[in-house]
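Down below is the structure, laid out as structure tokens.
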Amino acid sequence: MVTLDNRPAASVASRRTSLNRGVRRETIVGWLFVVPALGMYAVFVLLPLLLTILYSFYRWNGVGPMAWVGLKNYVTVFQVPDLIGTIVNAFWLVVWFSFIPVGLGLVVASVIHRVATGRLGEIARTVLFLPQVIPLVAAGIIWGWLLALPGLINQILKAVGLAAFARAWLGDFDWALPAVGMIGIWVLLGFCTVLLLTGMTKVDPALYESARMDGAGWLQEFLAITVPLLRYEIGVCLTVTVIAALAAFDIVYVATAGGPGNSTAVPGIQIYMIAFTQRAVGLASALAVLLMILVVVVIIPIQRLSRESAE
Amino acid sequence: MRVARGELWAGRALLIVLMAITILPFISIFTTALHPSGTVPNGLDWPASPQWGNFVQAFHVADMPTLLLSSTFIVIAVVPVSLIISTMAGFAIGLLRIPGATVLLFLFVFGLTLPFPGIIIPIYILERTVHLYNTRLAIVLPLIALYMPFAVFWMRAHFVNMPSEISDAARVDGASTWNLFWRIHVPLARAPIASLGILMSVWTWNQFLLPLVLVEDPSQRTMAGALGAFQGHYATDIPLLCAGTLLLLVPTLIVFILFQRQIIAALLQGAVKG
């Protein structure tokens, strides 16, 4: 800008026309860089998104003629307990997949940060992260066996004299959802811990040093330094885990397929079942639209809170 | 750092308990896998005579070589293409700042929280219509598209922070936009591209919903999709199911142990920047 201003006016004008042509050419070239990504995104994400919304206003089995029903599918979702219940279940999963791993992760990370530096801390980081890299399907299969009647969980309960509690956890109407939640904790706790721990290492050690000089114990240090300074990381953990809970599919499909009854059915599972086994494409699409709105509505405030505090 | 001795040991104990909880499930399916096929053992019993043959049987039943090839093929088809097109788009939006860049960024960011089950139905119907259904491409194409919001957002975050002096210098030397991109900025973006590549490889390998819905034949699926099918067939034969599950996890475990530092770093960055 400065160099341009120093030039004589005439030369600026003549330069500008050639610049304009250059700018236009550059715009076209620039857009060509975006076209492949945008094209794929448009065809396989945006178009299906619009179609999902469109289908949700029809009664359709996926192949035959489509019948316009207006908002009837949405009314059905809100009226039928098995459908609206999936959204209630999704919120219960948020407690297990999100609140517990993030809360527990904060505690564990701050403990590790205080005591386990060096070799043990490094090994712990790797081990705790392991459930995050294996397929969720594998986690579901492994825990499906652990929570079975002869499985490890009941074996442990019997060993410590709690045999009365032993049951087929995933087949129990009252306990199946918390049992699925357990799987979520196992998968997500390590991830949250390691992420929060990484955040803590970025906090100025002098802060912790001076807190300890003043004789601050673990709890004071935790509440006064760790939690406030890690708001951004906590927000990230909440975002990732809340999406994992609301859009859960893999673990639930493998561990319970929504059963027993509909006690562990979440929107993802119900969309799949209604669309691909009951062939009610319109109804499944209405639930899909509601799921997508739900995720956005829940995530935006979390993002806003953590971003604001980061700035 | 001064920490009380008691606290030190309590903390270490907590850590070891947590590691045990993480590892124990794997040990349980390992001991179960060694029991005679078809029996229902207890969760953590060492068998009287370990049936190592279960792993051989699972290897044949699950058709491991085919699965490995199929998953590898899908990763190779998805990841490089996704990397190239998202880097190009991130470059145009973040560095060239083309007109409409803000709108484009918004459009991609909008897709960041989109749950896969939300749009799977039309993808299925579209692929049936154009006869992509039940081919590996049926997984590959939507997966590339579904990665675009995150990948473009990620690469843009890199390019938007590049000092403009680098581009200006290249421009003065008469470099075309393509050369500026390919010869100067792609080499400079090696680190974020590598992390993104690791992320997308892990996600692809572990992708379950797309193969489940879009490909019937397990031998054309990703590893996670094939694992789902394996469970469907052998749910009643617990030792064989455990042997198969462990076997299908072996590639993931090897890669994780070899590249743990990079994988953990990539997954953490992925969460923080997303």
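Each chain of the structure tokens is named A, B, ... in the order shown, its residues numbered from 1; ligands are numbered from 1 in display order.
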
Go through chain A residue by residue and, counting only C-alpha atoms, keep those with an atom at most 6 Å from chain B; for each kept residue give the shortest atom pair and its distance in Å to one decimal, ordered by chain and increasing number, as a Markdown table.
| residue | atom | partner | partner_atom | distance |
| --- | --- | --- | --- | --- |
| A:Thr27 | CA | B:Ile98 | CA | 5.8 |
| A:Gly30 | CA | B:Ala92 | CA | 5.4 |
| A:Phe33 | CA | B:Met88 | CA | 5.2 |
| A:Val34 | CA | B:Ala89 | CA | 4.3 |
| A:Pro36 | CA | B:Ile85 | CA | 5.9 |
| A:Ala37 | CA | B:Ile85 | CA | 5.3 |
| A:Met40 | CA | B:Ala145 | CA | 5.0 |
| A:Tyr41 | CA | B:Ala145 | CA | 4.6 |
| A:Phe44 | CA | B:Pro142 | CA | 5.3 |
| A:Pro48 | CA | B:Pro122 | CA | 5.1 |
| A:Leu49 | CA | B:Ile119 | CA | 5.6 |
| A:Val111 | CA | B:Gly11 | CA | 5.7 |
| A:Val115 | CA | B:Leu8 | CA | 5.2 |
| A:Pro135 | CA | B:Asn206 | CA | 4.6 |
| A:Pro150 | CA | B:Asn42 | CA | 5.1 |
| A:Gly151 | CA | B:Gly43 | CA | 4.2 |
| A:Leu152 | CA | B:Gly43 | CA | 3.9 |
| A:Val236 | CA | B:Val272 | CA | 5.9 |
| A:Ala247 | CA | B:Pro115 | CA | 5.7 |
| A:Gly268 | CA | B:Pro117 | CA | 5.5 |
| A:Ala288 | CA | B:Gly118 | CA | 4.5 |

Quick one: everything within 8 Å of Leu188 in chain A, counting only C-alpha atoms, minus sequence neighbours fewer than 5 positions away in the same chain. Send it as a short mmCIF file (atom, residue, chain, number, x, y, z; two decimals) with N, CA and C atoms, in the first residue's frame.
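around-v2.cif, written as the output of this step:
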data_model
loop_
_atom_site.label_atom_id
_atom_site.label_comp_id
_atom_site.auth_asym_id
_atom_site.auth_seq_id
_atom_site.Cartn_x
_atom_site.Cartn_y
_atom_site.Cartn_z
N PHE A 97 -21.45 -40.05 28.92
CA PHE A 97 -20.38 -39.89 27.92
C PHE A 97 -19.63 -38.58 28.12
N PRO A 101 -16.89 -38.33 32.16
CA PRO A 101 -15.50 -38.33 31.68
C PRO A 101 -14.82 -36.97 31.83
N PRO A 131 -8.14 -46.69 24.31
CA PRO A 131 -9.53 -46.89 23.89
C PRO A 131 -9.99 -45.89 22.83
N GLN A 132 -9.27 -44.79 22.71
CA GLN A 132 -9.66 -43.76 21.75
C GLN A 132 -9.29 -44.13 20.32
N THR A 241 -17.40 -34.78 23.50
CA THR A 241 -18.13 -35.86 24.16
C THR A 241 -19.64 -35.70 24.03
#

Nearby residues (only C-alpha atoms) at most 12 Å from Val227 in chain A, same-chain spacing under 3 positions excluded, as a ChimeraX atom specification: /A:102-103,105-107,109-110,196-197,199-200,203,219-224,230-235,306,309

Please extract the residues of range 24-166 of chain B with a backbone DSSP assignment of alpha helix (DSSP H) and present them as a VMD selection string. chain B and resid 24 to 33 53 to 61 64 to 91 101 to 110 116 to 129 137 to 159 164 to 166

Would you compute the distance between CA of Gly184 in chain A and CA of Leu246 in chain A? Give it in Å to one decimal.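 Distance between the two atoms: 11.9 Å.
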
Would you mind reading off the distance between CA of Leu69 in chain B and CA of Val56 in chain B, one decimal, in Å?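 Separating CA of Leu69 in chain B from CA of Val56 in chain B is a distance of 18.3 Å.
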
With distances taken over only C-alpha atoms, which of B:Val172, B:Ala157, B:Val78, B:Ala33 is nearest to Pro239 in chain B?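 Smallest distance to Pro239 in chain B is found for B:Ala33.
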